[in-house]
Structures are given as C-alpha cells and as structure tokens.
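Participant: Please find input19.txt (compact mmCIF, C-alpha atoms) on the next line:
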```txt
# COMPACT_ATOMS: atom_id res chain seq x y z
CA MET A 1 7.45 28.91 4.76
CA LYS A 2 10.05 30.89 6.66
CA LYS A 3 12.51 32.52 4.28
CA LEU A 4 16.20 33.25 4.43
CA ILE A 5 16.62 36.68 5.97
CA ALA A 6 19.90 38.37 5.04
CA THR A 7 21.49 41.06 7.24
CA GLY A 8 24.72 42.29 5.71
CA ALA A 9 26.90 39.21 5.30
CA ALA A 10 24.80 37.18 7.77
CA ALA A 11 21.77 35.01 7.08
CA LEU A 12 19.28 33.48 9.48
CA THR A 13 17.44 30.23 8.87
CA ALA A 14 14.52 28.58 10.71
CA LEU A 15 13.98 24.89 11.60
CA THR A 16 10.37 23.80 11.89
CA PHE A 17 9.01 20.26 12.07
CA GLY A 18 12.05 18.81 10.33
CA THR A 19 11.77 21.17 7.36
CA THR A 20 14.66 23.55 6.87
CA ALA A 21 13.42 26.20 4.48
CA THR A 22 14.31 29.46 2.82
CA ALA A 23 13.07 30.88 -0.44
CA GLU A 24 15.75 28.76 -2.10
CA ASP A 25 16.40 25.73 0.10
CA ILE A 26 13.92 23.11 1.35
CA THR A 27 14.86 19.88 3.09
CA LEU A 28 12.26 17.18 3.73
CA ARG A 29 12.64 13.97 5.69
CA ILE A 30 11.02 11.13 3.79
CA GLY A 31 10.80 7.44 4.49
CA SER A 32 9.00 4.17 4.97
CA GLY A 33 9.30 1.11 7.15
CA HIS A 34 9.62 -0.92 3.97
CA PRO A 35 12.85 -1.35 2.00
CA PRO A 36 13.27 0.06 -1.53
CA GLY A 37 12.85 -3.48 -2.89
CA VAL A 38 9.12 -3.08 -2.23
CA VAL A 39 7.79 -1.41 -5.38
CA TYR A 40 6.07 1.62 -3.85
CA ALA A 41 9.10 2.41 -1.64
CA GLY A 42 11.47 2.08 -4.59
CA LEU A 43 9.21 4.42 -6.57
CA MET A 44 9.30 6.93 -3.72
CA ILE A 45 13.06 7.20 -4.30
CA ASP A 46 13.32 6.67 -8.05
CA TYR A 47 10.19 8.55 -9.14
CA PHE A 48 8.61 10.74 -6.44
CA GLN A 49 11.81 12.23 -5.01
CA LYS A 50 13.53 12.51 -8.39
CA GLU A 51 10.58 14.13 -10.15
CA LEU A 52 9.76 16.49 -7.30
CA LYS A 53 13.33 17.75 -7.07
CA GLU A 54 13.72 18.13 -10.84
CA ARG A 55 10.40 19.92 -11.36
CA VAL A 56 10.76 22.20 -8.34
CA GLU A 57 14.28 23.26 -9.30
CA ALA A 58 13.38 23.71 -12.98
CA ARG A 59 10.24 25.78 -12.38
CA THR A 60 10.90 27.71 -9.14
CA ASP A 61 13.73 29.46 -7.30
CA HIS A 62 13.79 26.72 -4.65
CA THR A 63 16.25 23.90 -4.23
CA LEU A 64 15.08 20.66 -2.67
CA ASN A 65 16.95 18.04 -0.68
CA PHE A 66 15.77 14.89 1.05
CA VAL A 67 16.87 13.11 4.19
CA GLU A 68 15.95 9.48 3.52
CA GLY A 69 14.73 6.98 6.08
CA TYR A 70 13.78 3.72 4.36
CA SER A 71 13.85 0.12 5.63
CA GLY A 72 12.66 1.26 9.05
CA SER A 73 15.77 3.38 9.69
CA ILE A 74 13.64 6.21 11.13
CA VAL A 75 10.17 4.69 11.55
CA LYS A 76 9.15 1.04 11.39
CA VAL A 77 6.25 -0.21 9.25
CA THR A 78 3.85 0.17 12.20
CA GLU A 79 5.04 3.68 13.06
CA VAL A 80 4.72 5.72 9.86
CA LEU A 81 1.27 7.24 10.46
CA GLU A 82 2.32 8.41 13.92
CA GLY A 83 5.77 9.40 12.67
CA VAL A 84 4.27 11.74 10.07
CA GLN A 85 1.70 13.00 12.58
CA ASP A 86 4.42 13.97 15.07
CA GLY A 87 6.82 15.36 12.47
CA ILE A 88 9.48 12.69 12.97
CA ILE A 89 9.39 12.45 9.18
CA ASP A 90 7.75 14.95 6.87
CA ILE A 91 6.58 12.52 4.18
CA GLY A 92 5.86 8.85 4.76
CA GLY A 93 4.67 5.88 2.74
CA PHE A 94 2.92 3.04 4.52
CA CYS A 95 0.35 0.27 4.40
CA PHE A 96 -3.01 0.89 6.00
CA CYS A 97 -2.85 -2.74 7.08
CA PHE A 98 -0.73 -1.64 10.04
CA GLU A 99 -3.37 0.81 11.27
CA PRO A 100 -6.43 -1.37 12.01
CA SER A 101 -7.60 0.91 14.82
CA ASN A 102 -6.81 4.29 13.28
CA LEU A 103 -7.77 3.55 9.66
CA PRO A 104 -10.06 0.49 9.80
CA LEU A 105 -12.00 1.35 6.64
CA HIS A 106 -9.06 2.25 4.40
CA ALA A 107 -8.27 -1.41 3.70
CA PHE A 108 -11.65 -1.71 1.99
CA GLN A 109 -10.40 -3.62 -1.05
CA VAL A 110 -8.89 -6.25 1.24
CA MET A 111 -12.40 -6.76 2.61
CA MET A 112 -13.34 -7.87 -0.93
CA PRO A 113 -10.79 -10.60 -1.76
CA PHE A 114 -10.57 -12.20 -5.19
CA GLY A 115 -11.05 -8.86 -6.90
CA THR A 116 -9.22 -7.60 -9.99
CA MET A 117 -5.56 -8.59 -10.31
CA ASP A 118 -4.90 -5.49 -12.45
CA PRO A 119 -3.21 -2.78 -10.30
CA GLU A 120 -4.32 -0.02 -12.67
CA LYS A 121 -7.95 -1.11 -12.34
CA SER A 122 -7.53 -1.52 -8.59
CA LEU A 123 -6.23 2.04 -8.36
CA LYS A 124 -9.02 3.40 -10.57
CA ILE A 125 -11.65 1.66 -8.42
CA ALA A 126 -10.09 3.11 -5.28
CA GLN A 127 -9.91 6.59 -6.80
CA GLU A 128 -13.60 6.43 -7.65
CA VAL A 129 -14.50 5.27 -4.14
CA TYR A 130 -12.41 8.03 -2.54
CA ALA A 131 -14.08 10.59 -4.81
CA GLU A 132 -17.51 9.61 -3.49
CA VAL A 133 -16.54 9.26 0.18
CA PRO A 134 -14.68 12.39 1.37
CA TYR A 135 -14.08 10.86 4.82
CA LEU A 136 -11.40 8.60 3.36
CA THR A 137 -9.23 11.62 2.49
CA ASP A 138 -10.34 14.09 5.15
CA VAL A 139 -9.61 11.82 8.14
CA PHE A 140 -5.85 12.24 7.66
CA GLU A 141 -6.09 15.97 8.27
CA ASP A 142 -8.96 15.87 10.74
CA LYS A 143 -7.42 13.27 13.07
CA PHE A 144 -3.77 12.72 12.21
CA ASN A 145 -2.24 16.10 11.35
CA GLN A 146 -1.31 15.15 7.82
CA VAL A 147 -2.40 15.51 4.21
CA MET A 148 -2.85 12.56 1.91
CA LEU A 149 -0.73 12.98 -1.19
CA SER A 150 -1.14 9.67 -3.03
CA ARG A 151 -2.96 6.39 -2.91
CA ILE A 152 -0.70 3.45 -3.66
CA ALA A 153 -1.62 0.28 -5.54
CA ASP A 154 0.04 -3.09 -4.97
CA GLY A 155 0.66 -5.85 -7.45
CA GLY A 156 -1.77 -8.76 -7.47
CA TYR A 157 -1.55 -11.04 -4.43
CA ASN A 158 -0.87 -14.77 -4.74
CA LEU A 159 0.53 -17.34 -2.31
CA GLY A 160 4.21 -18.22 -1.97
CA THR A 161 5.13 -21.24 0.14
CA SER A 162 7.96 -23.55 1.12
CA PHE A 163 5.86 -26.56 0.05
CA PRO A 164 3.66 -27.49 -2.92
CA TRP A 165 -0.13 -27.41 -2.59
CA GLU A 166 -3.17 -27.81 -4.81
CA ASP A 167 -6.19 -27.60 -2.52
CA LEU A 168 -7.21 -25.81 0.66
CA SER A 169 -6.86 -29.08 2.54
CA ASP A 170 -3.13 -29.07 1.71
CA LEU A 171 -2.73 -25.86 3.70
CA GLN A 172 -4.17 -27.26 6.91
CA GLY A 173 -1.56 -27.42 9.66
CA GLN A 174 0.75 -24.98 7.84
CA LYS A 175 1.45 -21.46 9.12
CA ILE A 176 0.97 -18.74 6.51
CA ALA A 177 1.85 -15.06 7.00
CA GLY A 178 -0.09 -11.98 6.09
CA ALA A 179 -0.53 -8.40 7.24
CA GLY A 180 -3.61 -7.00 8.90
CA LEU A 181 -6.98 -7.83 7.41
CA ASN A 182 -5.72 -10.30 4.83
CA LEU A 183 -5.01 -12.68 7.71
CA ASN A 184 -8.75 -13.29 7.63
CA TRP A 185 -8.46 -14.75 4.13
CA LEU A 186 -6.49 -17.51 5.85
CA LYS A 187 -8.31 -17.81 9.14
CA LEU A 188 -11.80 -18.05 7.65
CA ALA A 189 -10.57 -20.69 5.20
CA GLY A 190 -9.21 -22.79 8.09
CA VAL A 191 -5.54 -21.93 7.58
CA SER A 192 -3.26 -20.95 10.49
CA GLU A 193 -2.40 -17.27 10.11
CA VAL A 194 0.66 -15.34 11.34
CA GLN A 195 0.94 -11.54 11.43
CA SER A 196 4.18 -10.31 9.88
CA SER A 197 5.69 -7.66 7.59
CA LEU A 198 7.99 -7.64 4.58
CA ALA A 199 10.72 -6.08 6.69
CA THR A 200 11.20 -9.42 8.47
CA ALA A 201 9.79 -11.82 5.87
CA TYR A 202 13.00 -13.38 4.57
CA THR A 203 14.42 -14.19 8.00
CA GLU A 204 11.12 -15.53 9.31
CA MET A 205 10.53 -17.70 6.25
CA ASN A 206 14.10 -18.94 6.42
CA THR A 207 13.79 -19.90 10.09
CA ASN A 208 10.37 -21.56 9.66
CA VAL A 209 8.44 -19.06 11.75
CA TYR A 210 5.89 -19.69 9.00
CA GLU A 211 5.80 -21.64 5.74
CA GLY A 212 4.23 -19.17 3.35
CA TRP A 213 3.12 -15.63 2.60
CA ILE A 214 0.18 -13.99 0.89
CA MET A 215 2.32 -11.91 -1.41
CA PHE A 216 2.67 -10.20 -4.80
CA PRO A 217 5.43 -11.42 -7.18
CA SER A 218 7.57 -8.28 -6.92
CA ALA A 219 8.35 -8.99 -3.26
CA TRP A 220 8.94 -12.69 -3.95
CA VAL A 221 11.58 -11.69 -6.50
CA ASN A 222 13.07 -8.47 -5.13
CA LEU A 223 13.34 -9.65 -1.51
CA LYS A 224 14.51 -13.12 -2.62
CA LEU A 225 11.66 -14.83 -0.82
CA TYR A 226 11.89 -17.51 -3.50
CA GLU A 227 14.92 -18.87 -1.64
CA PRO A 228 13.03 -20.02 1.48
CA GLY A 229 9.80 -20.26 -0.53
CA PRO A 230 10.43 -22.18 -3.78
CA TYR A 231 6.72 -22.59 -4.63
CA TYR A 232 4.58 -19.73 -5.93
CA THR A 233 0.92 -20.40 -6.63
CA LEU A 234 -1.13 -18.05 -8.84
CA ILE A 235 -4.44 -17.95 -7.01
CA GLY A 236 -5.41 -14.32 -7.65
CA PHE A 237 -6.47 -12.81 -4.33
CA GLY A 238 -6.53 -9.44 -6.05
CA SER A 239 -4.54 -6.25 -6.37
CA MET A 240 -5.14 -3.96 -3.40
CA THR A 241 -4.84 -0.19 -3.20
CA TRP A 242 -4.23 0.02 0.54
CA HIS A 243 -1.07 2.04 0.98
CA GLY A 244 -0.74 5.79 1.11
CA LEU A 245 1.77 8.64 0.90
CA THR A 246 1.14 11.49 3.36
CA ILE A 247 2.83 14.71 4.48
CA ASN A 248 2.83 16.32 7.91
CA LYS A 249 0.24 19.14 7.95
CA ASP A 250 2.49 21.66 9.73
CA THR A 251 5.23 21.03 7.17
CA TYR A 252 2.71 21.27 4.35
CA ASP A 253 1.27 24.58 5.59
CA GLU A 254 4.75 26.17 5.59
CA LEU A 255 5.60 25.17 2.04
CA PRO A 256 5.50 27.91 -0.63
CA ASP A 257 2.44 27.84 -2.87
CA ASP A 258 4.48 27.20 -6.01
CA PHE A 259 6.10 24.21 -4.30
CA LYS A 260 2.71 22.86 -3.17
CA GLU A 261 1.39 23.03 -6.72
CA ILE A 262 4.26 20.89 -7.99
CA LEU A 263 4.02 18.58 -4.96
CA HIS A 264 0.41 17.71 -5.80
CA GLU A 265 1.24 17.30 -9.48
CA VAL A 266 4.07 14.86 -8.76
CA SER A 267 2.01 13.06 -6.12
CA ALA A 268 -0.77 12.43 -8.67
CA ASP A 269 1.78 11.15 -11.18
CA TYR A 270 3.42 8.94 -8.54
CA GLU A 271 0.00 7.52 -7.66
CA GLN A 272 -0.51 6.49 -11.27
CA GLN A 273 3.01 5.04 -11.39
CA THR A 274 2.20 2.63 -8.57
CA GLY A 275 -0.56 1.20 -10.72
CA SER A 276 1.20 1.19 -14.08
CA VAL A 277 4.59 -0.07 -12.85
CA ASN A 278 3.04 -2.90 -10.86
CA ALA A 279 0.85 -3.80 -13.84
CA SER A 280 3.68 -3.78 -16.37
CA GLU A 281 6.02 -5.71 -14.08
CA TYR A 282 3.62 -8.47 -13.02
CA ASP A 283 4.03 -10.83 -16.00
CA ARG A 284 7.77 -10.23 -16.19
CA LEU A 285 8.25 -11.03 -12.51
CA VAL A 286 6.11 -14.16 -12.74
CA ASP A 287 8.31 -15.24 -15.64
CA VAL A 288 11.41 -14.61 -13.49
CA LEU A 289 9.89 -16.87 -10.85
CA ARG A 290 9.04 -19.52 -13.47
CA ASP A 291 12.73 -19.59 -14.41
CA THR A 292 13.79 -19.84 -10.77
CA ILE A 293 11.27 -21.88 -8.78
CA THR A 294 8.04 -23.84 -9.24
CA VAL A 295 5.12 -21.67 -10.34
CA THR A 296 1.65 -23.17 -10.67
CA GLU A 297 -1.80 -21.79 -11.44
CA ILE A 298 -4.57 -22.86 -9.10
CA ASP A 299 -7.63 -24.70 -10.37
CA PRO A 300 -10.44 -22.09 -10.76
CA ALA A 301 -12.69 -24.36 -8.68
CA VAL A 302 -10.27 -24.09 -5.75
CA ARG A 303 -10.20 -20.31 -6.10
CA LYS A 304 -13.99 -20.16 -6.14
CA ALA A 305 -14.23 -22.46 -3.12
CA TRP A 306 -11.84 -20.23 -1.20
CA ALA A 307 -13.91 -17.17 -2.16
CA GLU A 308 -17.10 -18.92 -1.04
CA SER A 309 -15.53 -19.63 2.36
CA LEU A 310 -15.22 -15.86 2.81
CA ALA A 311 -18.63 -14.92 1.43
CA ASP A 312 -20.13 -13.77 4.76
CA TRP A 313 -17.08 -11.89 5.94
CA PRO A 314 -17.61 -8.53 4.15
CA GLN A 315 -21.10 -8.18 5.63
CA SER A 316 -19.75 -8.91 9.10
CA LEU A 317 -17.05 -6.27 8.66
CA ALA A 318 -19.55 -3.75 7.33
CA ASP A 319 -21.85 -4.23 10.31
CA ASP A 320 -18.95 -3.83 12.75
CA LEU A 321 -17.58 -0.69 11.09
CA GLU A 322 -21.01 0.88 10.76
CA GLY A 323 -21.29 0.40 14.52
CA GLN A 324 -18.16 2.55 14.82
CA GLY A 325 -19.84 5.32 12.84
CA LEU A 326 -17.99 4.63 9.59
CA PRO A 327 -19.65 4.55 6.12
CA ALA A 328 -18.63 0.95 5.52
CA LYS A 329 -21.72 -0.26 3.68
CA GLN A 330 -21.51 2.64 1.26
CA VAL A 331 -17.81 2.02 0.65
CA LEU A 332 -18.03 -1.75 0.17
CA ASN A 333 -21.00 -1.51 -2.16
CA LEU A 334 -19.11 1.11 -4.14
CA VAL A 335 -16.16 -1.30 -4.43
CA LEU A 336 -18.45 -4.00 -5.80
CA ASP A 337 -20.20 -1.64 -8.21
CA ARG A 338 -17.12 0.24 -9.41
CA ALA A 339 -15.23 -3.02 -10.03
CA GLU A 340 -18.07 -4.27 -12.22
CA ALA A 341 -18.32 -0.91 -13.98
CA ASN A 342 -14.63 -1.27 -14.78
CA GLY A 343 -15.21 -4.68 -16.35
CA TYR A 344 -14.49 -7.05 -13.47
CA GLU A 345 -16.63 -10.14 -12.74
CA TRP A 346 -16.45 -11.40 -9.16
CA PRO A 347 -16.04 -15.17 -8.66
CA VAL A 348 -18.43 -14.78 -5.71
CA ARG A 349 -20.54 -11.64 -5.70
CA TYR A 350 -20.53 -10.46 -2.09
CA GLU A 351 -23.75 -9.00 -0.71
CA ILE A 352 -23.67 -5.99 1.61
CA LYS A 353 -27.02 -4.95 3.08
```
Translate the structure of the given file into structure tokens.

Facilitator:
Amino acid sequence: MKKLIATGAAALTALTFGTTATAEDITLRIGSGHPPGVVYAGLMIDYFQKELKERVEARTDHTLNFVEGYSGSIVKVTEVLEGVQDGIIDIGGFCFCFEPSNLPLHAFQVMMPFGTMDPEKSLKIAQEVYAEVPYLTDVFEDKFNQVMLSRIADGGYNLGTSFPWEDLSDLQGQKIAGAGLNLNWLKLAGVSEVQSSLATAYTEMNTNVYEGWIMFPSAWVNLKLYEPGPYYTLIGFGSMTWHGLTINKDTYDELPDDFKEILHEVSADYEQQTGSVNASEYDRLVDVLRDTITVTEIDPAVRKAWAESLADWPQSLADDLEGQGLPAKQVLNLVLDRAEANGYEWPVRYEIK
C-alpha cells in the first residue's frame, strides 16, 4: 500500500486501481448490481462496510471510506465479476448465476433443487464443500484477478405468481422467471422459463413480461413484488449459497497487513450474517406476506413430483462439467453427503455416478 509521503508542508498521494491509500486513509469502491433491498446487498452496506470501517479505525491508524455503487449504478448484475477483475470496483457482491461460462460449477447447490430451506445449513454445507475442493476458491485468483472474501447464502426459494396454482399442470402456458441454472427447474418440469434479474423484476412482473418468479420471501416483500404477484406458494426449492463477495487482487495486494487481517475477519462474520439473517427473517417475512397477499403451502406430493421430474438433471450436468475438466461429480456428491450429514433428508435422493 503506497503511503502518504510528506515533504515539508506538502504531501503526495498515489491512486492505484481505484484505491486511494496512505498509512491513514483508504478508499474502496464497493457495489453490486442488486439494490440494497436484496438481503446480501443490504448487509454489504449495513454490516460489512460498517463493521470494517469501525474495526479498522478502532484497531489501526488507518481511516476507511467507501464509494458505493449499488443497484447497478457502476456495474450491472451481469458485470460484477468482470468489474472487480478490471478494477472498476474494488469489492463486489454478485450471484454466480450470472456467470454460467466463467463459474459453471459454483452454482452447485442449484444443481440439487429441493435441498434444505435453512440458509444457515445451506451455508454450512457450502463451506464444507469449498473446504474439500480448493478449486472453488482458487479459481477467482487464478483466472479472474480477485480474491474471494465471503460466500453468501440466500433465503429459501419458493414461487411467487400473479395467479393461484396447486399443481404443475396449473403452470403450463404461464411464463415464470428465474436466473441462470434455476431456469432448468422450470424447463424440465414443462414450465415456460424466462431469464431475468431482481433489478428489473418489479417492472417486468407489472407489465406481464412473465407471471411469476422463483424467489425467496425477502425479495417478494422488500421489492414489493407482492403487488404484481399476489400469490406466494411455499414449495421449498431450497436455500442456495451461490453468491460471493470478492476483492480485486491488485487492490488486495496493496492493502496493509493489519487491514487485511481485519478484512478477512469481517468477511467471515459477514458470511455468517448472510445465513443467520436470512434464517431469522424467513418466518417473519412469510408472515408479512400472509397479512398482505395469499400464501399457500404446496401439497408434499406435488413437491416430490416436481423433484422427480428433475431427477436425471444433476447427472447430466455432472457429465457435462466433467467434460470441461471440472470436479463436478466430487462436488455434487459432497453436496448430497454433507446435506445428509447436517440432518437433511432429500425428497428425491439424486444419484451422481
């Protein structure tokens, strides 16, 4: 990290990769394509930034400031990985769902739908998988000039719609939105799928671009998707840990060691917050929806039938990703095993050979 060099009454500063730094002053550009109403993005502001600034300034001689770029104001949801890589922002939070070519294996929990709905368990499963497969962490530095700081858990996914439904047959002829791999949950069940993102969800639902979304309750409440979508069905697709928080490697390498130590400490705490906050908020937000719109719980037989319609999909994905030289079979079998070790029973136990 280049320091403030004083010569008499003058001082010189250096600007490198968006990080203005002296021994006492560090400015980082941070952002996401998602708005703060999405839980992980809100936690970036209210927890990660707040805690990092407070701890750094309490325990070191540095001061820390952020230039914020949320809601796509600097990089859109599909641009965060590249934005961090190129130093357009120093720290970015994003969904791996928007990087199917660059990070095809990182959405591994999405390849196993109808998993645990508990975000804390989802995060723990992901942490255990990452611990056994170094590629999942190393690829960010090896290929994309950045360091992974945190994995990010989402709340449990259900289905919000503009119409009531009880069975898969009721969804035929309707357009339902998703992001990335979870579109296959729809397609393979015979439902018309539409690629979208939360940044445009309200407008697109409101103008009938599609009639529903695979979505967790926090977004249905915080982004007011209940207005164009007054039906929310608890089907339990699972809680997915498939977002990440990363920092540009050149920026990271220039940070003082005492700052880096606190950065990793806060990043680990933020990671846990994404699980615990989503877990603690789930029931409350579902209750908010119950007071606002129609909330129903799907018949377990319908859930199992939907899972059975996807039973061959994980093996197909594993074969394809193995062909790309990725350890997909190891990862997906770890997901199955670690979920069961953490007390989860799959409605359909996928087989990966």

Participant: Which one of A:Glu345, A:Glu297, A:Asp337, A:Glu322 sits closest to A:Val129 if you count only C-alpha atoms?

Facilitator: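 Under the stated criterion, the closest residue is A:Asp337.
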
Participant: Using all atoms listed in the file, which of A:Leu181, A:Trp220, A:Arg290, A:Ile88 sits nearest A:Ile74?

Facilitator: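 When distances to A:Ile74 are compared using all atoms listed in the file, the smallest one comes from A:Ile88.
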
Participant: For A:His62, which residue among A:Asp258, A:Asp291, A:Glu227, A:Glu204 is the nearest when counting only C-alpha atoms?

Facilitator: A:Asp258

Participant: Which one of A:Asn206, A:Thr251, A:Ser218, A:Ser122 sits closest to A:Gln109 if you count all atoms listed in the file?

Facilitator: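 Closest to A:Gln109 of all the choices is A:Ser122.
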
Participant: From the set A:Val147, A:Ala305, A:Met112, A:Leu64, which residue has the shortest atom-to-atom contact distance to A:Asp250, counting all atoms listed in the file?

Facilitator: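 Ranking A:Val147, A:Ala305, A:Met112, A:Leu64 by distance to A:Asp250, first place goes to A:Val147.
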
Participant: Which residue is closest to A:Lys353? Choose from A:Lys304, A:Lys329, A:Lys121, A:Lys143 and count only C-alpha atoms.

Facilitator: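 Ranking A:Lys304, A:Lys329, A:Lys121, A:Lys143 by distance to A:Lys353, first place goes to A:Lys329.
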
Participant: Grab all the atoms of stretch 80-97 of chain A that the file lists, wrap them in a box along x, y and z, add 6 Å per side, and give me centre plus edge lengths in Å (one decimal) as lines of an AutoDock Vina configuration file.

Facilitator:
```
center_x = 3.2
center_y = 6.3
center_z = 8.9
size_x = 24.5
size_y = 30.1
size_z = 24.3
```

Participant: Please indicate the distance in Å from atom CA of A:Phe163 to atom CA of A:Gly212, rounded to one decimal place.

Facilitator: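 For atom CA of A:Phe163 relative to atom CA of A:Gly212, the distance reads 8.3 Å.
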
Participant: So that I can check the surroundings of A:Leu234, please list as a ChimeraX atom specification every protein, DNA and RNA residue that reaches within 7 Å of it, counting only C-alpha atoms and ignoring chain neighbours fewer than 2 positions away.

Facilitator: /A:158-159,232,236,296-298

Participant: Expressed in Å to a single decimal, how great is the separation between atom CA of A:Val221 and atom CA of A:Ala199?

Facilitator: 14.4 Å

Participant: Do a neighbour search on A:Cys97 at 10 Å with all atoms listed in the file, toss out local chain neighbours closer than 5 positions, and write the hits as a PDB file with C-alpha atoms, in the frame of the given file.

Facilitator:
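Contents of part-v9.pdb, as written:
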```
ATOM      1  CA  VAL A  77       6.250  -0.210   9.250  1.00  0.00           C
ATOM      2  CA  THR A  78       3.850   0.170  12.200  1.00  0.00           C
ATOM      3  CA  LEU A 103      -7.770   3.550   9.660  1.00  0.00           C
ATOM      4  CA  PRO A 104     -10.060   0.490   9.800  1.00  0.00           C
ATOM      5  CA  HIS A 106      -9.060   2.250   4.400  1.00  0.00           C
ATOM      6  CA  ALA A 107      -8.270  -1.410   3.700  1.00  0.00           C
ATOM      7  CA  VAL A 110      -8.890  -6.250   1.240  1.00  0.00           C
ATOM      8  CA  GLY A 178      -0.090 -11.980   6.090  1.00  0.00           C
ATOM      9  CA  ALA A 179      -0.530  -8.400   7.240  1.00  0.00           C
ATOM     10  CA  GLY A 180      -3.610  -7.000   8.900  1.00  0.00           C
ATOM     11  CA  LEU A 181      -6.980  -7.830   7.410  1.00  0.00           C
ATOM     12  CA  ASN A 182      -5.720 -10.300   4.830  1.00  0.00           C
ATOM     13  CA  SER A 197       5.690  -7.660   7.590  1.00  0.00           C
ATOM     14  CA  TRP A 242      -4.230   0.020   0.540  1.00  0.00           C
ATOM     15  CA  HIS A 243      -1.070   2.040   0.980  1.00  0.00           C
TER      16      HIS A 243
END
```

Participant: Residues at most 9 Å from A:Leu149, counting all atoms listed in the file, excluding those fewer than 5 positions away in the same chain, as a PyMOL selection string?

Facilitator: chain A and resi 244-247+263-264+267-268+271

Participant: Measure the distance from atom CA of A:Leu183 to atom CA of A:Asp154 in Å and round it to one decimal.

Facilitator: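 That distance, rounded to one decimal, is 16.7 Å.
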